[in-house]
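A short worksheet on the structure shown next.
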Amino acid sequence: TINPWAIPFLLYYGVGVGGTRYSKSLALSIPGVYAKRIYKILCSQRDKKEYFYPIDQFRKDLSIPASYDSSKIKERVLNPAKKAIKESGSDVWFDYEMIAKHKPKGRKPKADTIVFQIKTLHPKEAGGEQYQVYSYVYRWMTWCFTEGNSKALDVTEKLTETGRLQDVYNRAVFYDDKVSDGAMTREHAINSLKKMLRDEYSIK
């Protein structure tokens with residue numbers, strides 16, 4: 001039987017072939033076996049903001065030595081792969097965290113899941129959750145920059161290219177909740193987000 005967790009990298013599709021889309025030449029150029037496989041996994045899940053991967057399954061699927069505990073997986077697999085993929089010029093990259101999704105009673109929680117936080121330069125093409133984030137931020141940018149949709153689009157694209165789209169999305173959601181609760185007016189929320197863009201990202 002085929003392991004469904006392994007499908008993202010066992011199925012080999014290049015750009016233009018169908019199925020999981022990734023650049024064959026880029027995949028070959030990324031140094032490290034683990035980084036290559038993680039790159040293909042990211043491409044197969046690029047429409048998602050997060051991808052939850054059980055550590056035991058991750059270890060099996062990537063043939064990681066049993067002697068590697070969580071700290072060694074970070075040191076020898078995830079951190080080098082994160083660096084290699086980001087430096088490759090790929091349009092998809094990742095951050096991650098290890099969490100204890102299943103917490104046994106009476107015992108100290110132990111990390112059992114890797115949460116891949118997937119980033120992409122092309123959220124519109126990725127679709128799914130990535131496009132929802134992009135669209136939401138773009139809508140806020142049209143409120144922040146009323147001189148025309150071109151400015152709003154340029155700012156949204158800049159946030160995407162610099163990997164800051166999710167941060168601005170999180171802040172916008174926070175302000176949206178404040179407006180819904182009556183704690184802020186819409187105008188106050190917009191001005192607060194504009195201040196964030198100006199102070200933290202030098203976007204005016």
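All residue names refer to the structure tokens as shown: chains lettered A, B, ... in order, residues numbered from 1 in each chain, ligands numbered from 1 in order.
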
Residues near Ala84 in chain A, anyone? I mean within 7 Å using only C-alpha atoms, not counting same-chain ones fewer than 6 positions away, as a PDB file with C-alpha atoms, in the first residue's frame.
ATOM      1  CA  ILE A  30      18.607  22.709  -4.107  1.00  0.00           C
ATOM      2  CA  PRO A  31      21.420  21.146  -2.050  1.00  0.00           C
ATOM      3  CA  ALA A  35      15.716  19.969   1.346  1.00  0.00           C
TER       4      ALA A  35
END

Skip range 193-196 of chain A itself and residues of its chain fewer than 4 positions away, then list as a count of residues only all residues within 12 Å of it, counting only C-alpha atoms.
30

Backbone-only DSSP, strand (DSSP E) members of chain A, as a list in words
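Taking chain A and keeping strand (DSSP E) only, one gets Glu50, Tyr51, Phe52, Tyr53, Pro54, Val92, Trp93, Phe94, Asp95, Tyr96, Glu97, Met98, Ile99, Thr113, Ile114, Val115, Phe116, Gln117, Ile118, Lys119 and Thr120 of chain A.
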
For Phe58 in chain A, find every residue with an atom within 10 Å (counting only C-alpha atoms), except residues of its own chain fewer than 2 positions away, and show them as a ChimeraX atom specification.
/A:5-6,38,53-56,60-64,73,113-114

Using C-alpha atoms, can you export the residues from the last selection as a PDB file, in the first residue's frame?
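Listed below is the output, result.pdb:
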ATOM      1  CA  TRP A   5       1.811  11.016   3.820  1.00  0.00           C
ATOM      2  CA  ALA A   6       4.540  10.174   1.323  1.00  0.00           C
ATOM      3  CA  ILE A  38      10.693  19.261   1.682  1.00  0.00           C
ATOM      4  CA  TYR A  53       3.116  16.736   9.619  1.00  0.00           C
ATOM      5  CA  PRO A  54       3.399  14.113  12.413  1.00  0.00           C
ATOM      6  CA  ILE A  55       7.074  13.826  13.344  1.00  0.00           C
ATOM      7  CA  ASP A  56       7.074  10.018  13.334  1.00  0.00           C
ATOM      8  CA  LYS A  60       9.702   7.570   8.068  1.00  0.00           C
ATOM      9  CA  ASP A  61       8.860   9.381   4.845  1.00  0.00           C
ATOM     10  CA  LEU A  62      12.214  11.146   4.626  1.00  0.00           C
ATOM     11  CA  SER A  63      14.190   8.124   5.914  1.00  0.00           C
ATOM     12  CA  ILE A  64      15.562  10.120   8.833  1.00  0.00           C
ATOM     13  CA  ILE A  73      15.804  16.929  13.207  1.00  0.00           C
ATOM     14  CA  THR A 113       4.040  17.365  15.025  1.00  0.00           C
ATOM     15  CA  ILE A 114       5.864  19.745  12.706  1.00  0.00           C
TER      16      ILE A 114
END

Tell me, as a VMD selection string, which residues lie within 7 Å of Pro109 in chain A, counting only C-alpha atoms; anything in the same chain fewer than 3 positions away does not count.
chain A and resid 100 103 to 104

May I ask for the distance between CA of Val33 in chain A and CA of Asp112 in chain A, given in Å to one decimal place?
22.5 Å

Near-Arg76 in chain A list (12 Å; only C-alpha atoms; drop same-chain fewer than 5 positions) as a short mmCIF file (atom, residue, chain, number, x, y, z; two decimals) with C-alpha atoms, in the first residue's frame:
data_model
loop_
_atom_site.label_atom_id
_atom_site.label_comp_id
_atom_site.auth_asym_id
_atom_site.auth_seq_id
_atom_site.Cartn_x
_atom_site.Cartn_y
_atom_site.Cartn_z
CA GLY A 32 20.57 18.27 0.26
CA VAL A 33 18.24 15.30 -0.10
CA TYR A 34 16.02 16.44 2.75
CA ALA A 35 15.72 19.97 1.35
CA ILE A 64 15.56 10.12 8.83
CA PRO A 65 17.74 8.01 11.16
CA SER A 67 18.78 8.21 16.35
CA TYR A 68 17.65 11.75 15.43
CA ASP A 69 15.55 13.24 18.20
CA SER A 70 13.57 16.46 17.69
CA SER A 71 16.57 18.70 18.30
CA ALA A 81 16.40 22.79 4.38
CA LYS A 82 14.81 26.10 5.35
CA LYS A 83 18.04 27.93 4.52
#

Considering only C-alpha atoms, state which residue in the set A:Lys72, A:Lys36, A:Lys108, A:Lys178 is at the smallest distance from Trp93 in chain A.
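The answer is A:Lys36, which sits nearest to Trp93 in chain A.
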
With DSSP run on the backbone, what are the alpha helix (DSSP H) residues within range 7-150 of chain A? I'd like them as a CSV table (one decimal) with C-alpha atoms, in the first residue's frame.
chain,number,residue,atom,x,y,z
A,7,ILE,CA,2.5,11.0,-1.7
A,8,PRO,CA,3.6,14.7,-1.9
A,9,PHE,CA,7.1,13.7,-2.8
A,10,LEU,CA,6.7,10.2,-4.2
A,24,LYS,CA,12.3,20.4,-11.8
A,25,SER,CA,15.5,22.4,-12.4
A,26,LEU,CA,15.1,24.2,-9.1
A,27,ALA,CA,14.4,21.0,-7.3
A,28,LEU,CA,17.6,19.5,-8.7
A,29,SER,CA,19.6,22.5,-7.8
A,33,VAL,CA,18.2,15.3,-0.1
A,34,TYR,CA,16.0,16.4,2.7
A,35,ALA,CA,15.7,20.0,1.3
A,36,LYS,CA,14.7,18.6,-2.1
A,37,ARG,CA,12.0,16.5,-0.6
A,38,ILE,CA,10.7,19.3,1.7
A,39,TYR,CA,10.6,21.6,-1.3
A,40,LYS,CA,8.3,19.2,-3.2
A,41,ILE,CA,6.1,18.8,-0.1
A,42,LEU,CA,5.8,22.6,0.1
A,43,CYS,CA,4.9,22.9,-3.5
A,44,SER,CA,2.2,20.2,-3.1
A,55,ILE,CA,7.1,13.8,13.3
A,56,ASP,CA,7.1,10.0,13.3
A,57,GLN,CA,5.6,10.0,9.8
A,58,PHE,CA,8.0,12.7,8.7
A,59,ARG,CA,10.9,10.6,10.0
A,60,LYS,CA,9.7,7.6,8.1
A,61,ASP,CA,8.9,9.4,4.8
A,70,SER,CA,13.6,16.5,17.7
A,71,SER,CA,16.6,18.7,18.3
A,72,LYS,CA,18.6,16.8,15.7
A,73,ILE,CA,15.8,16.9,13.2
A,79,ASN,CA,17.1,24.3,9.5
A,80,PRO,CA,19.4,23.4,6.6
A,81,ALA,CA,16.4,22.8,4.4
A,82,LYS,CA,14.8,26.1,5.4
A,83,LYS,CA,18.0,27.9,4.5
A,84,ALA,CA,18.7,26.0,1.3
A,85,ILE,CA,15.2,26.5,-0.1
A,86,LYS,CA,15.1,30.2,0.8
A,87,GLU,CA,18.5,30.9,-0.8
A,123,PRO,CA,-0.6,33.6,-3.4
A,124,LYS,CA,-3.0,34.5,-6.1
A,125,GLU,CA,-1.9,31.6,-8.2
A,126,ALA,CA,-1.6,29.3,-5.2
A,128,GLY,CA,-6.9,28.4,-1.3
A,129,GLU,CA,-5.9,29.9,2.1
A,130,GLN,CA,-2.9,31.7,0.6
A,131,TYR,CA,-5.2,33.6,-1.8
A,132,GLN,CA,-7.7,34.4,1.0
A,133,VAL,CA,-4.9,36.0,3.0
A,134,TYR,CA,-3.8,38.0,0.0
A,135,SER,CA,-7.3,39.2,-0.9
A,136,TYR,CA,-8.0,40.2,2.7
A,137,VAL,CA,-4.8,42.2,3.0
A,138,TYR,CA,-5.4,43.8,-0.4
A,139,ARG,CA,-8.9,44.9,0.7
A,140,TRP,CA,-7.4,46.6,3.8
A,141,MET,CA,-4.8,48.3,1.6
A,142,THR,CA,-7.6,49.7,-0.6
A,143,TRP,CA,-9.0,51.3,2.6
A,144,CYS,CA,-5.5,52.5,3.7
A,149,ASN,CA,-6.2,50.5,-6.5
A,150,SER,CA,-2.7,50.7,-8.0

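Reported to one decimal place, the separation of CA of Lys158 in chain A from CA of Phe116 in chain A is 22.7 Å.
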
Excluding Thr120 in chain A and residues on its chain fewer than 4 positions from it, collect all residues at most 9 Å away from it, counting only C-alpha atoms, and give them as a PyMOL selection string.
chain A and resi 46-47+90-94+126+130+160-161+163

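Between CA of Gln117 in chain A and CA of Asp95 in chain A there is a distance of 5.0 Å.
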